[in-house]
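Engineer: Attaching a single structure in structure tokens format; questions to follow.
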Amino acid sequence: MESLLYPCINACRKSVCLDGLWKMQFDPSSCGKESGWMNGLPDSFSMPVPGSFADLFTEKEYRDYCGDFWYETKFFLEKQEGKEIYLRFGSVTHRAEVYVNGKYAGAHEGGFTPFVINITDLVTQDARNRIVVKVNNELNETSIPCGATAVLSDGRKIAKPYFDFFNYSGIQRSVYLVFVPKESILDYDTVVTLEGTDARVDYAIQTSGSHEVVTEIFDRKGNKVAENKGKEGALFIENAHLWNLDDPYLYSIVFRIVDGDQDIDKYPARLGIRTIQVQGKKILLNGEEIYLKGYGKHEDFEVIGRTFNYSVAKRDFALMKWSGANCFRTSHYPYAEEWYQMADEEGILIIDEVPAVGMMRSLMNFAAAGAGGKDTRFFMADIVPQLQENHKQAIREMIQRDKNHPSVIAFSIFNEPETTYQEAYDYFKPLFDYARTLDRQNRPLTGALLVNSTPDKCCCHTLCDFISLNRYYGWYIAGGPDLPEAEKAFRREMDAWNTVCENKPLIFTEFGADTSAFEHKLPSVMWSQEYQNEYYEMNFRVMDSYDFVKGELVWNFADFQTTEGIMRVNGNKKGIFTRNRQPKDAAFLLKKRWETKS
Ligand code: CKU
């Protein structure tokens, strides 16, 4: 198996970060391969890695470039004794083909999860080595996320996403050389059970050999609190310090492969002692009911696009906490791993979403290629096998990467697909079943449902452990002066969910109104800050009247970049904060509500 463990440095392992200024070259006619670009790019410019290339250019055709493009870097490799050498990409959007010293090393489909390639036999030690990556950012109906690729009359390709965020692409997350012993730790799982004031931690470790494994847990002061031997077993912590929202206490868990008193390999990680369950209409964290408050987010910021930046992320966590939020959804793709590490530290919950967005043919998915008004069926026989394979892979990589974070409380398997035909159920049922086999913590699974996925018509909500709705009453439906009508329609729909939710919680994963940070108007009009407040007041009034509503994640944390179009004004403006992270009026309304709402 491929190990997706985050790189670390200790006596047994090493990692070298290859981030920096790489070379890049566009390949609009896809001639790079036959022209031998794997041996070096003939006419390149410099490009930061990690980075989303789009907003770094001043030329429109480069910002919107769609097709093949190549990256290259060189690194000096010191002499290594007895180590396997891997190349690890945090993400390459949407697909990559990797060459080392001119030779094919491996490929990966999917732009939001890491992949590793064993390059031990391809590199030369004590010498400089060349890495070349062919990247492609085209969308189609079997890619995750879904979309189409249009060809203009001059032959240029243009991405037509079936989703509402800019198709940022490139080598968007960090690249590492990872050096591990021949016999190494590949993966691990932990499952917490609370027994009174004590905790039981069941663990399972996968290694590439058969030597003994030792697992130890240390508290924050460095005292050893539990130890066990074997690849599977249980550890017991007396008087366990729980991981909670107001006190996100983290233990360290250290896995070692041992040979007598010698360590063959060692991998240290953080461990939060917490449980998460759905019980009847309740969501329980450590056995106590919680109400989810927070945001749907994006990885999106001025200039850097989707590149992870610690300072931006720190500011986002500060704003989330300031507003009284306790949760965010990684709409619409798994974020950089550092987001989850920070959420563990900050005590913020995450609903982790796979990039399955755009599985719908309609105008609402913002697709120029969409067939609005026609048959909206999406899961047709010609695309299902390939789509399902890509979707399965994205689920597997997300769960493998993120399963051990205490902050991750649920996995979202889709965002707003077509769900009103039996084909949709037949498509999703095996994916939910598959996800359940991957998560030993048996976390709740969900998926965000679009407005036409009503309780009577939706075939897929039965697959979800809690129901997640994206609803826009007062924006896409009956906005402005019709707001009272929106409230009535919203209540009618909620009355219908009431019967479905007799024994299941429901949360809102999206609701929001586009709002200009520069518009004020009394009385309000749509797009003004006053209207955003009235919109939220109405929505909260409705949500508060139904006891099965157990969470509200507003859309969106901040304004974000999208494809150009008549529905968007230099991006989506539903942010509670502007794109540069300053509050709109609604931020204060949310803060007032969330500081007391439980
Ligand atoms: C959001 C029709 C609802 C689509 N939903 C998905 C999300 O990605 C969009 O940004 C709504 C919106 O603002 O329209």
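In the structure tokens, chains take the letters A, B, ... in the order shown, each chain's residues start at 1, and ligands count up from 1 in the order shown.
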Using only C-alpha atoms, determine which residues lie at most 12 Å from Ile395 in chain A, disregarding the query and same-chain residues fewer than 5 positions distant; provide the list as an MDAnalysis selection string.
Structural biologist: chainID A and resid 110 112:113 144 333:334 352:356 388:390 400:403 411:414 428 430:439 445
Engineer: Could you dump the residues just selected with C-alpha atoms as a PDB file, in the first residue's frame?
Structural biologist:
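Once everything was written out, this is again16.pdb:
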```pdb
ATOM      1  CA  GLY A 110      -7.459  13.798  -8.563  1.00  0.00           C
ATOM      2  CA  PHE A 112      -6.928  17.444  -3.773  1.00  0.00           C
ATOM      3  CA  THR A 113      -5.191  14.516  -2.092  1.00  0.00           C
ATOM      4  CA  ILE A 144     -13.867  14.651  -9.627  1.00  0.00           C
ATOM      5  CA  TYR A 333     -12.686  19.168  -1.616  1.00  0.00           C
ATOM      6  CA  PRO A 334     -10.236  18.004   1.042  1.00  0.00           C
ATOM      7  CA  ASP A 352     -14.459  16.628   5.467  1.00  0.00           C
ATOM      8  CA  GLU A 353     -15.779  16.647   1.905  1.00  0.00           C
ATOM      9  CA  VAL A 354     -14.658  14.696  -1.134  1.00  0.00           C
ATOM     10  CA  PRO A 355     -14.431  16.739  -4.410  1.00  0.00           C
ATOM     11  CA  ALA A 356     -17.643  15.177  -5.744  1.00  0.00           C
ATOM     12  CA  GLN A 388     -17.369   5.827  -9.675  1.00  0.00           C
ATOM     13  CA  GLU A 389     -13.772   4.640  -9.832  1.00  0.00           C
ATOM     14  CA  ASN A 390     -12.454   8.206  -9.513  1.00  0.00           C
ATOM     15  CA  GLN A 400      -6.765   7.438   4.654  1.00  0.00           C
ATOM     16  CA  ARG A 401      -5.215  10.898   4.960  1.00  0.00           C
ATOM     17  CA  ASP A 402      -7.618  12.470   7.488  1.00  0.00           C
ATOM     18  CA  LYS A 403      -9.042   9.657   9.640  1.00  0.00           C
ATOM     19  CA  PHE A 411     -17.200  12.710   5.944  1.00  0.00           C
ATOM     20  CA  SER A 412     -19.281  14.243   3.182  1.00  0.00           C
ATOM     21  CA  ILE A 413     -19.533  12.002   0.134  1.00  0.00           C
ATOM     22  CA  PHE A 414     -21.124  14.492  -2.271  1.00  0.00           C
ATOM     23  CA  PHE A 428     -24.069   6.379  -4.321  1.00  0.00           C
ATOM     24  CA  PRO A 430     -21.806   1.389  -3.063  1.00  0.00           C
ATOM     25  CA  LEU A 431     -19.761   4.535  -2.360  1.00  0.00           C
ATOM     26  CA  PHE A 432     -21.316   5.002   1.089  1.00  0.00           C
ATOM     27  CA  ASP A 433     -20.828   1.283   1.784  1.00  0.00           C
ATOM     28  CA  TYR A 434     -17.212   1.579   0.699  1.00  0.00           C
ATOM     29  CA  ALA A 435     -16.570   4.660   2.872  1.00  0.00           C
ATOM     30  CA  ARG A 436     -17.995   2.801   5.880  1.00  0.00           C
ATOM     31  CA  THR A 437     -15.463  -0.006   5.413  1.00  0.00           C
ATOM     32  CA  LEU A 438     -12.583   2.511   5.403  1.00  0.00           C
ATOM     33  CA  ASP A 439     -13.302   4.394   8.605  1.00  0.00           C
ATOM     34  CA  LEU A 445     -21.415  10.031   6.669  1.00  0.00           C
TER      35      LEU A 445
END
```
Engineer: Using DSSP on the backbone, list every residue of range 44-130 of chain A that comes out as helix (DSSP H, G or I), and give them as a list in words.
Structural biologist: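 For range 44-130 of chain A, the helix (DSSP H, G or I) set is Ala54, Asp55, Leu56, Lys60, Glu61, Tyr62 and Arg63 of chain A.
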Engineer: Emit the selected residues as an mmCIF file, in the first residue's frame, including all heavy atoms.
Structural biologist:
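To be explicit, this is the file written out as again-v4.cif:
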```
data_model
loop_
_atom_site.group_PDB
_atom_site.id
_atom_site.type_symbol
_atom_site.label_atom_id
_atom_site.label_comp_id
_atom_site.auth_asym_id
_atom_site.auth_seq_id
_atom_site.Cartn_x
_atom_site.Cartn_y
_atom_site.Cartn_z
ATOM 1 N N ALA A 54 -2.884 30.661 -11.706
ATOM 2 C CA ALA A 54 -3.797 31.557 -12.416
ATOM 3 C C ALA A 54 -3.607 33.040 -12.089
ATOM 4 O O ALA A 54 -3.433 33.858 -12.995
ATOM 5 C CB ALA A 54 -5.236 31.144 -12.145
ATOM 6 N N ASP A 55 -3.641 33.408 -10.825
ATOM 7 C CA ASP A 55 -3.665 34.825 -10.475
ATOM 8 C C ASP A 55 -2.280 35.456 -10.405
ATOM 9 O O ASP A 55 -2.127 36.601 -9.986
ATOM 10 C CB ASP A 55 -4.413 35.030 -9.151
ATOM 11 C CG ASP A 55 -5.909 34.769 -9.312
ATOM 12 O OD1 ASP A 55 -6.371 34.659 -10.467
ATOM 13 O OD2 ASP A 55 -6.606 34.671 -8.296
ATOM 14 N N LEU A 56 -1.275 34.710 -10.834
ATOM 15 C CA LEU A 56 0.081 35.271 -10.823
ATOM 16 C C LEU A 56 0.397 35.957 -12.142
ATOM 17 O O LEU A 56 1.373 36.685 -12.255
ATOM 18 C CB LEU A 56 1.099 34.165 -10.538
ATOM 19 C CG LEU A 56 0.794 33.345 -9.275
ATOM 20 C CD1 LEU A 56 1.848 32.283 -9.050
ATOM 21 C CD2 LEU A 56 0.694 34.243 -8.049
ATOM 22 N N LYS A 60 -4.664 37.379 -19.673
ATOM 23 C CA LYS A 60 -5.887 36.610 -19.463
ATOM 24 C C LYS A 60 -5.762 35.169 -19.953
ATOM 25 O O LYS A 60 -6.243 34.240 -19.311
ATOM 26 C CB LYS A 60 -7.042 37.317 -20.193
ATOM 27 C CG LYS A 60 -8.389 36.948 -19.661
ATOM 28 C CD LYS A 60 -9.462 37.921 -20.124
ATOM 29 C CE LYS A 60 -10.800 37.464 -19.585
ATOM 30 N NZ LYS A 60 -11.790 38.506 -19.500
ATOM 31 N N GLU A 61 -5.098 34.993 -21.114
ATOM 32 C CA GLU A 61 -5.025 33.629 -21.659
ATOM 33 C C GLU A 61 -4.201 32.699 -20.776
ATOM 34 O O GLU A 61 -4.363 31.497 -20.821
ATOM 35 C CB GLU A 61 -4.541 33.611 -23.113
ATOM 36 C CG GLU A 61 -3.115 34.053 -23.341
ATOM 37 C CD GLU A 61 -2.990 35.544 -23.635
ATOM 38 O OE1 GLU A 61 -3.798 36.346 -23.091
ATOM 39 O OE2 GLU A 61 -2.066 35.916 -24.384
ATOM 40 N N TYR A 62 -3.303 33.272 -19.967
ATOM 41 C CA TYR A 62 -2.537 32.421 -19.046
ATOM 42 C C TYR A 62 -3.345 32.140 -17.789
ATOM 43 O O TYR A 62 -3.337 31.031 -17.274
ATOM 44 C CB TYR A 62 -1.190 33.065 -18.688
ATOM 45 C CG TYR A 62 -0.263 33.213 -19.872
ATOM 46 C CD1 TYR A 62 0.681 34.224 -19.922
ATOM 47 C CD2 TYR A 62 -0.341 32.321 -20.947
ATOM 48 C CE1 TYR A 62 1.527 34.356 -21.019
ATOM 49 C CE2 TYR A 62 0.498 32.446 -22.040
ATOM 50 C CZ TYR A 62 1.430 33.474 -22.071
ATOM 51 O OH TYR A 62 2.257 33.597 -23.157
ATOM 52 N N ARG A 63 -4.028 33.195 -17.288
ATOM 53 C CA ARG A 63 -4.848 32.951 -16.095
ATOM 54 C C ARG A 63 -5.836 31.831 -16.353
ATOM 55 O O ARG A 63 -6.044 30.961 -15.520
ATOM 56 C CB ARG A 63 -5.608 34.219 -15.689
ATOM 57 C CG ARG A 63 -6.442 33.990 -14.434
ATOM 58 C CD ARG A 63 -7.433 35.098 -14.173
ATOM 59 N NE ARG A 63 -8.428 35.193 -15.230
ATOM 60 C CZ ARG A 63 -9.172 36.267 -15.460
ATOM 61 N NH1 ARG A 63 -9.017 37.352 -14.717
ATOM 62 N NH2 ARG A 63 -10.057 36.281 -16.432
#
```
Engineer: Please identify all polymer residues within 9 Å of Gly111 in chain A, counting only C-alpha atoms, omitting same-chain residues fewer than 6 positions from it, and present them as JSON, numbers by chain.
Structural biologist: {"A": [91, 92, 93, 94, 95, 96, 137, 144, 145, 169, 170, 171, 172, 333, 355]}
Engineer: Write out the residues from the selection above, keeping C-alpha atoms, as a PDB file, in the first residue's frame.
Structural biologist:
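What follows is the written file result_11.pdb:
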```
ATOM      1  CA  SER A  91      -1.742  17.722  -4.366  1.00  0.00           C
ATOM      2  CA  VAL A  92      -1.454  18.299  -8.089  1.00  0.00           C
ATOM      3  CA  THR A  93      -4.627  19.622  -9.690  1.00  0.00           C
ATOM      4  CA  HIS A  94      -6.222  17.759 -11.396  1.00  0.00           C
ATOM      5  CA  ARG A  95      -3.836  15.054 -12.632  1.00  0.00           C
ATOM      6  CA  ALA A  96      -0.110  14.444 -12.839  1.00  0.00           C
ATOM      7  CA  ASN A 137      -6.299  20.720 -15.438  1.00  0.00           C
ATOM      8  CA  ILE A 144     -13.867  14.651  -9.627  1.00  0.00           C
ATOM      9  CA  PRO A 145     -14.918  17.505  -9.596  1.00  0.00           C
ATOM     10  CA  SER A 169      -4.672  24.383 -10.616  1.00  0.00           C
ATOM     11  CA  GLY A 170      -1.007  23.487 -10.611  1.00  0.00           C
ATOM     12  CA  ILE A 171       1.253  21.881  -8.032  1.00  0.00           C
ATOM     13  CA  GLN A 172      -0.835  23.476  -5.317  1.00  0.00           C
ATOM     14  CA  TYR A 333     -12.686  19.168  -1.616  1.00  0.00           C
ATOM     15  CA  PRO A 355     -14.431  16.739  -4.410  1.00  0.00           C
TER      16      PRO A 355
END
```
Engineer: Might you pull out every residue within 8 Å of range 36-40 of chain A, with only C-alpha atoms counted and same-chain residues fewer than 6 positions away left off, and present them as a list of chain:residue names?
Structural biologist: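 So the residues in contact are A:Glu72, A:Tyr99, A:Val100, A:Asn101, A:Gly102, A:Lys103, A:Arg130, A:Val132, A:Val133.
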Engineer: Would you mind exporting N, CA, C and O atoms of the selected residues as a PDB file, in the first residue's frame?
Structural biologist:
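Once written, part.pdb looks like this:
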```pdb
ATOM      1  N   GLU A  72       9.297  21.668 -13.713  1.00  0.00           N
ATOM      2  CA  GLU A  72      10.598  20.999 -13.583  1.00  0.00           C
ATOM      3  C   GLU A  72      11.386  21.584 -12.413  1.00  0.00           C
ATOM      4  O   GLU A  72      11.336  22.785 -12.154  1.00  0.00           O
ATOM      5  N   TYR A  99       8.065  12.329 -13.916  1.00  0.00           N
ATOM      6  CA  TYR A  99       9.281  11.756 -14.501  1.00  0.00           C
ATOM      7  C   TYR A  99      10.475  12.111 -13.617  1.00  0.00           C
ATOM      8  O   TYR A  99      10.588  13.243 -13.145  1.00  0.00           O
ATOM      9  N   VAL A 100      11.330  11.130 -13.374  1.00  0.00           N
ATOM     10  CA  VAL A 100      12.543  11.387 -12.600  1.00  0.00           C
ATOM     11  C   VAL A 100      13.733  11.024 -13.477  1.00  0.00           C
ATOM     12  O   VAL A 100      13.807   9.897 -13.992  1.00  0.00           O
ATOM     13  N   ASN A 101      14.596  11.977 -13.669  1.00  0.00           N
ATOM     14  CA  ASN A 101      15.769  11.810 -14.562  1.00  0.00           C
ATOM     15  C   ASN A 101      15.339  11.258 -15.930  1.00  0.00           C
ATOM     16  O   ASN A 101      15.956  10.342 -16.475  1.00  0.00           O
ATOM     17  N   GLY A 102      14.231  11.797 -16.425  1.00  0.00           N
ATOM     18  CA  GLY A 102      13.756  11.441 -17.762  1.00  0.00           C
ATOM     19  C   GLY A 102      12.914  10.184 -17.819  1.00  0.00           C
ATOM     20  O   GLY A 102      12.279   9.897 -18.838  1.00  0.00           O
ATOM     21  N   LYS A 103      12.869   9.424 -16.728  1.00  0.00           N
ATOM     22  CA  LYS A 103      12.106   8.162 -16.756  1.00  0.00           C
ATOM     23  C   LYS A 103      10.757   8.316 -16.063  1.00  0.00           C
ATOM     24  O   LYS A 103      10.656   8.980 -15.026  1.00  0.00           O
ATOM     25  N   ARG A 130      16.753  15.265 -11.644  1.00  0.00           N
ATOM     26  CA  ARG A 130      15.723  16.124 -12.237  1.00  0.00           C
ATOM     27  C   ARG A 130      14.327  15.518 -12.055  1.00  0.00           C
ATOM     28  O   ARG A 130      14.110  14.335 -12.326  1.00  0.00           O
ATOM     29  N   VAL A 132      10.447  16.110 -13.410  1.00  0.00           N
ATOM     30  CA  VAL A 132       9.568  16.817 -14.344  1.00  0.00           C
ATOM     31  C   VAL A 132       8.155  16.281 -14.139  1.00  0.00           C
ATOM     32  O   VAL A 132       7.961  15.071 -13.994  1.00  0.00           O
ATOM     33  N   VAL A 133       7.201  17.195 -14.072  1.00  0.00           N
ATOM     34  CA  VAL A 133       5.812  16.783 -13.856  1.00  0.00           C
ATOM     35  C   VAL A 133       4.943  17.343 -14.971  1.00  0.00           C
ATOM     36  O   VAL A 133       4.944  18.552 -15.208  1.00  0.00           O
TER      37      VAL A 133
END
```
Engineer: Which neighbours of Met1 in chain A fall inside 10 Å, counting only C-alpha atoms, when residues of the same chain fewer than 6 positions from it are skipped, and could you give them as a list in words?
Structural biologist: Leu186, Asp187, Gln206, Thr207 and Ser208 of chain A
